[in-house]
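Below: coords03.pdb (PDB, C-alpha atoms)
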ATOM      1  CA  MET A   1     -34.520  47.757 -74.023
ATOM      2  CA  ARG A   2     -36.851  48.476 -76.920
ATOM      3  CA  TYR A   3     -36.811  51.861 -78.645
ATOM      4  CA  ILE A   4     -38.834  53.406 -81.425
ATOM      5  CA  ILE A   5     -37.469  56.361 -83.371
ATOM      6  CA  SER A   6     -39.650  58.344 -85.690
ATOM      7  CA  TYR A   7     -38.607  61.268 -87.802
ATOM      8  CA  ASP A   8     -40.030  63.941 -90.031
ATOM      9  CA  ILE A   9     -37.297  65.415 -92.207
ATOM     10  CA  SER A  10     -37.985  67.221 -95.459
ATOM     11  CA  ASP A  11     -34.378  67.546 -96.666
ATOM     12  CA  ASN A  12     -33.409  64.448 -98.682
ATOM     13  CA  SER A  13     -29.677  64.534 -97.873
ATOM     14  CA  ILE A  14     -30.268  64.927 -94.125
ATOM     15  CA  ARG A  15     -32.896  62.180 -94.176
ATOM     16  CA  ARG A  16     -30.573  59.783 -96.059
ATOM     17  CA  LYS A  17     -27.812  60.452 -93.550
ATOM     18  CA  LEU A  18     -30.157  59.709 -90.647
ATOM     19  CA  VAL A  19     -31.505  56.532 -92.258
ATOM     20  CA  ASN A  20     -27.960  55.241 -92.802
ATOM     21  CA  ILE A  21     -27.263  55.630 -89.075
ATOM     22  CA  LEU A  22     -30.558  54.104 -87.967
ATOM     23  CA  GLU A  23     -30.173  51.084 -90.266
ATOM     24  CA  LYS A  24     -26.925  50.184 -88.475
ATOM     25  CA  PHE A  25     -28.782  49.752 -85.189
ATOM     26  CA  GLY A  26     -32.349  48.721 -85.946
ATOM     27  CA  GLU A  27     -34.992  47.882 -88.484
ATOM     28  CA  ARG A  28     -37.317  50.118 -90.439
ATOM     29  CA  VAL A  29     -40.951  49.384 -89.634
ATOM     30  CA  GLN A  30     -42.497  52.262 -91.606
ATOM     31  CA  TYR A  31     -41.059  54.870 -93.954
ATOM     32  CA  SER A  32     -40.105  57.194 -91.098
ATOM     33  CA  VAL A  33     -40.126  54.797 -88.140
ATOM     34  CA  PHE A  34     -37.390  52.479 -86.890
ATOM     35  CA  GLU A  35     -37.477  49.929 -84.090
ATOM     36  CA  PHE A  36     -34.500  48.872 -82.000
ATOM     37  CA  GLU A  37     -33.630  46.295 -79.369
ATOM     38  CA  LEU A  38     -30.534  47.823 -77.749
ATOM     39  CA  ASN A  39     -28.452  47.270 -74.661
ATOM     40  CA  ASP A  40     -27.130  50.353 -72.846
ATOM     41  CA  GLU A  41     -23.863  50.423 -74.793
ATOM     42  CA  SER A  42     -25.560  50.155 -78.198
ATOM     43  CA  TYR A  43     -28.045  52.851 -77.251
ATOM     44  CA  GLU A  44     -25.209  55.177 -76.231
ATOM     45  CA  ASN A  45     -23.435  54.426 -79.533
ATOM     46  CA  LEU A  46     -26.594  55.307 -81.464
ATOM     47  CA  ILE A  47     -27.049  58.562 -79.542
ATOM     48  CA  SER A  48     -23.367  59.376 -80.044
ATOM     49  CA  ASP A  49     -23.675  58.842 -83.817
ATOM     50  CA  LEU A  50     -26.716  61.110 -83.894
ATOM     51  CA  LYS A  51     -24.879  63.789 -81.881
ATOM     52  CA  VAL A  52     -21.730  63.599 -84.007
ATOM     53  CA  ASN A  53     -23.851  64.110 -87.102
ATOM     54  CA  SER A  54     -25.676  67.074 -85.519
ATOM     55  CA  PHE A  55     -29.124  65.483 -85.491
ATOM     56  CA  PHE A  56     -29.926  67.037 -82.122
ATOM     57  CA  ARG A  57     -29.206  70.528 -83.398
ATOM     58  CA  LYS A  58     -32.348  72.550 -84.021
ATOM     59  CA  ARG A  59     -33.153  72.629 -87.719
ATOM     60  CA  ARG A  60     -36.099  73.866 -89.651
ATOM     61  CA  ASN A  61     -38.383  71.081 -90.841
ATOM     62  CA  CYS A  62     -36.458  68.415 -88.921
ATOM     63  CA  LYS A  63     -37.935  66.416 -86.065
ATOM     64  CA  ILE A  64     -36.679  63.218 -84.426
ATOM     65  CA  THR A  65     -38.569  61.531 -81.591
ATOM     66  CA  ILE A  66     -37.223  58.660 -79.474
ATOM     67  CA  TYR A  67     -39.663  56.434 -77.574
ATOM     68  CA  LYS A  68     -38.378  54.079 -74.890
ATOM     69  CA  ILE A  69     -40.563  51.022 -74.282
ATOM     70  CA  LYS A  70     -40.102  49.334 -70.931
ATOM     71  CA  PRO A  71     -39.608  45.541 -71.108
ATOM     72  CA  HIS A  72     -42.897  44.671 -69.391
ATOM     73  CA  LEU A  73     -44.773  46.685 -72.034
ATOM     74  CA  VAL A  74     -43.160  44.993 -75.051
ATOM     75  CA  LYS A  75     -45.551  42.044 -74.682
ATOM     76  CA  GLN A  76     -48.462  44.445 -75.116
ATOM     77  CA  ILE A  77     -47.318  45.574 -78.566
ATOM     78  CA  LYS A  78     -49.783  44.413 -81.193
ATOM     79  CA  ARG A  79     -48.742  44.112 -84.808
ATOM     80  CA  TYR A  80     -50.930  43.579 -87.824
ATOM     81  CA  GLY A  81     -49.684  43.087 -91.348
ATOM     82  CA  TYR A  82     -47.545  40.917 -93.498
ATOM     83  CA  LYS A  83     -44.004  41.503 -92.227
ATOM     84  CA  SER A  84     -42.538  40.392 -88.940
ATOM     85  CA  ILE A  85     -40.308  43.008 -87.406
ATOM     86  CA  ILE A  86     -37.827  42.215 -84.632
ATOM     87  CA  ASP A  87     -39.849  39.969 -82.309
ATOM     88  CA  SER A  88     -41.776  37.502 -84.428
ATOM     89  CA  LYS A  89     -43.153  35.891 -81.250
ATOM     90  CA  TYR A  90     -45.108  39.100 -80.611
ATOM     91  CA  VAL A  91     -46.334  39.546 -84.163
ATOM     92  CA  ILE A  92     -50.037  39.002 -84.709
ATOM     93  CA  MET A  93     -50.954  38.034 -88.248
TER      94      MET A  93
END

Just give me the structure as structure tokens.
Amino acid sequence: MRYIISYDISDNSIRRKLVNILEKFGERVQYSVFEFELNDESYENLISDLKVNSFFRKRRNCKITIYKIKPHLVKQIKRYGYKSIIDSKYVIM
């Protein structure tokens, strides 16, 4: 399953901690956006890491959003730019 996680975190140490977790599971596609192709187990591991590190606790100036993209919609993703992300077969140059 494809997931997109975006975040808006003003605290540098919290943001670095989050980025370190996200980089283990997916690829950065923008400064505050990561993309993932995860099976159920990997997704649960990611969520567990985020919970253990208190990223779901309410904090001032801290927002994390997780988007789930159903498989039949992945083909509709359009990409423009110079860098292929995860699925180069879906990248439009």

**Study point:** Neighbour list for stretch 65-74 of chain A as a list in words, cut-off 9 Å, only C-alpha atoms, skip fewer than 4 positions in-chain
**Key:** Met1, Arg2, Tyr3, Ile4, Ile5, Ser6, Tyr7, Asp8 and Tyr90 of chain A

Point to revise | Top pick for closest residue to A:Gln30, considering A:Ser54, A:Asp11, A:Gly81, A:Ser42 and counting only C-alpha atoms | key: A:Gly81

**Study point:** Nearest to A:Ile9 by atom-to-atom distance, counting all atoms listed in the file, from A:Leu50, A:Ser32, A:Asn45, A:Phe25
**Key:**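 With all atoms listed in the file as the atom set, the closest residue is A:Ser32.
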
Check your understanding: If you measure from atom CA of A:Asn53 to atom CA of A:Glu23, what distance in Å do you get, rounded to one decimal?
Key ->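 Calculated distance between atom CA of A:Asn53 and atom CA of A:Glu23 is 14.8 Å.
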
Review point. Near A:Leu18, counting only C-alpha atoms, which residues have an atom at most 8 Å away, once you skip same-chain residues fewer than 4 positions from it, shown as a ChimeraX atom specification?
Key: /A:14,22,50,55

**Study point:** Separation of atom CA of A:Cys62 from atom CA of A:Leu38, in Å and rounded to one decimal
**Key:**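 So the two atoms, atom CA of A:Cys62 and atom CA of A:Leu38, lie 24.2 Å apart.
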
Practice item. To one decimal in Å, tell me the separation between atom CA of A:Phe34 and atom CA of A:Asn61. Key: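 Straight-line distance from atom CA of A:Phe34 to atom CA of A:Asn61 works out to 19.0 Å.
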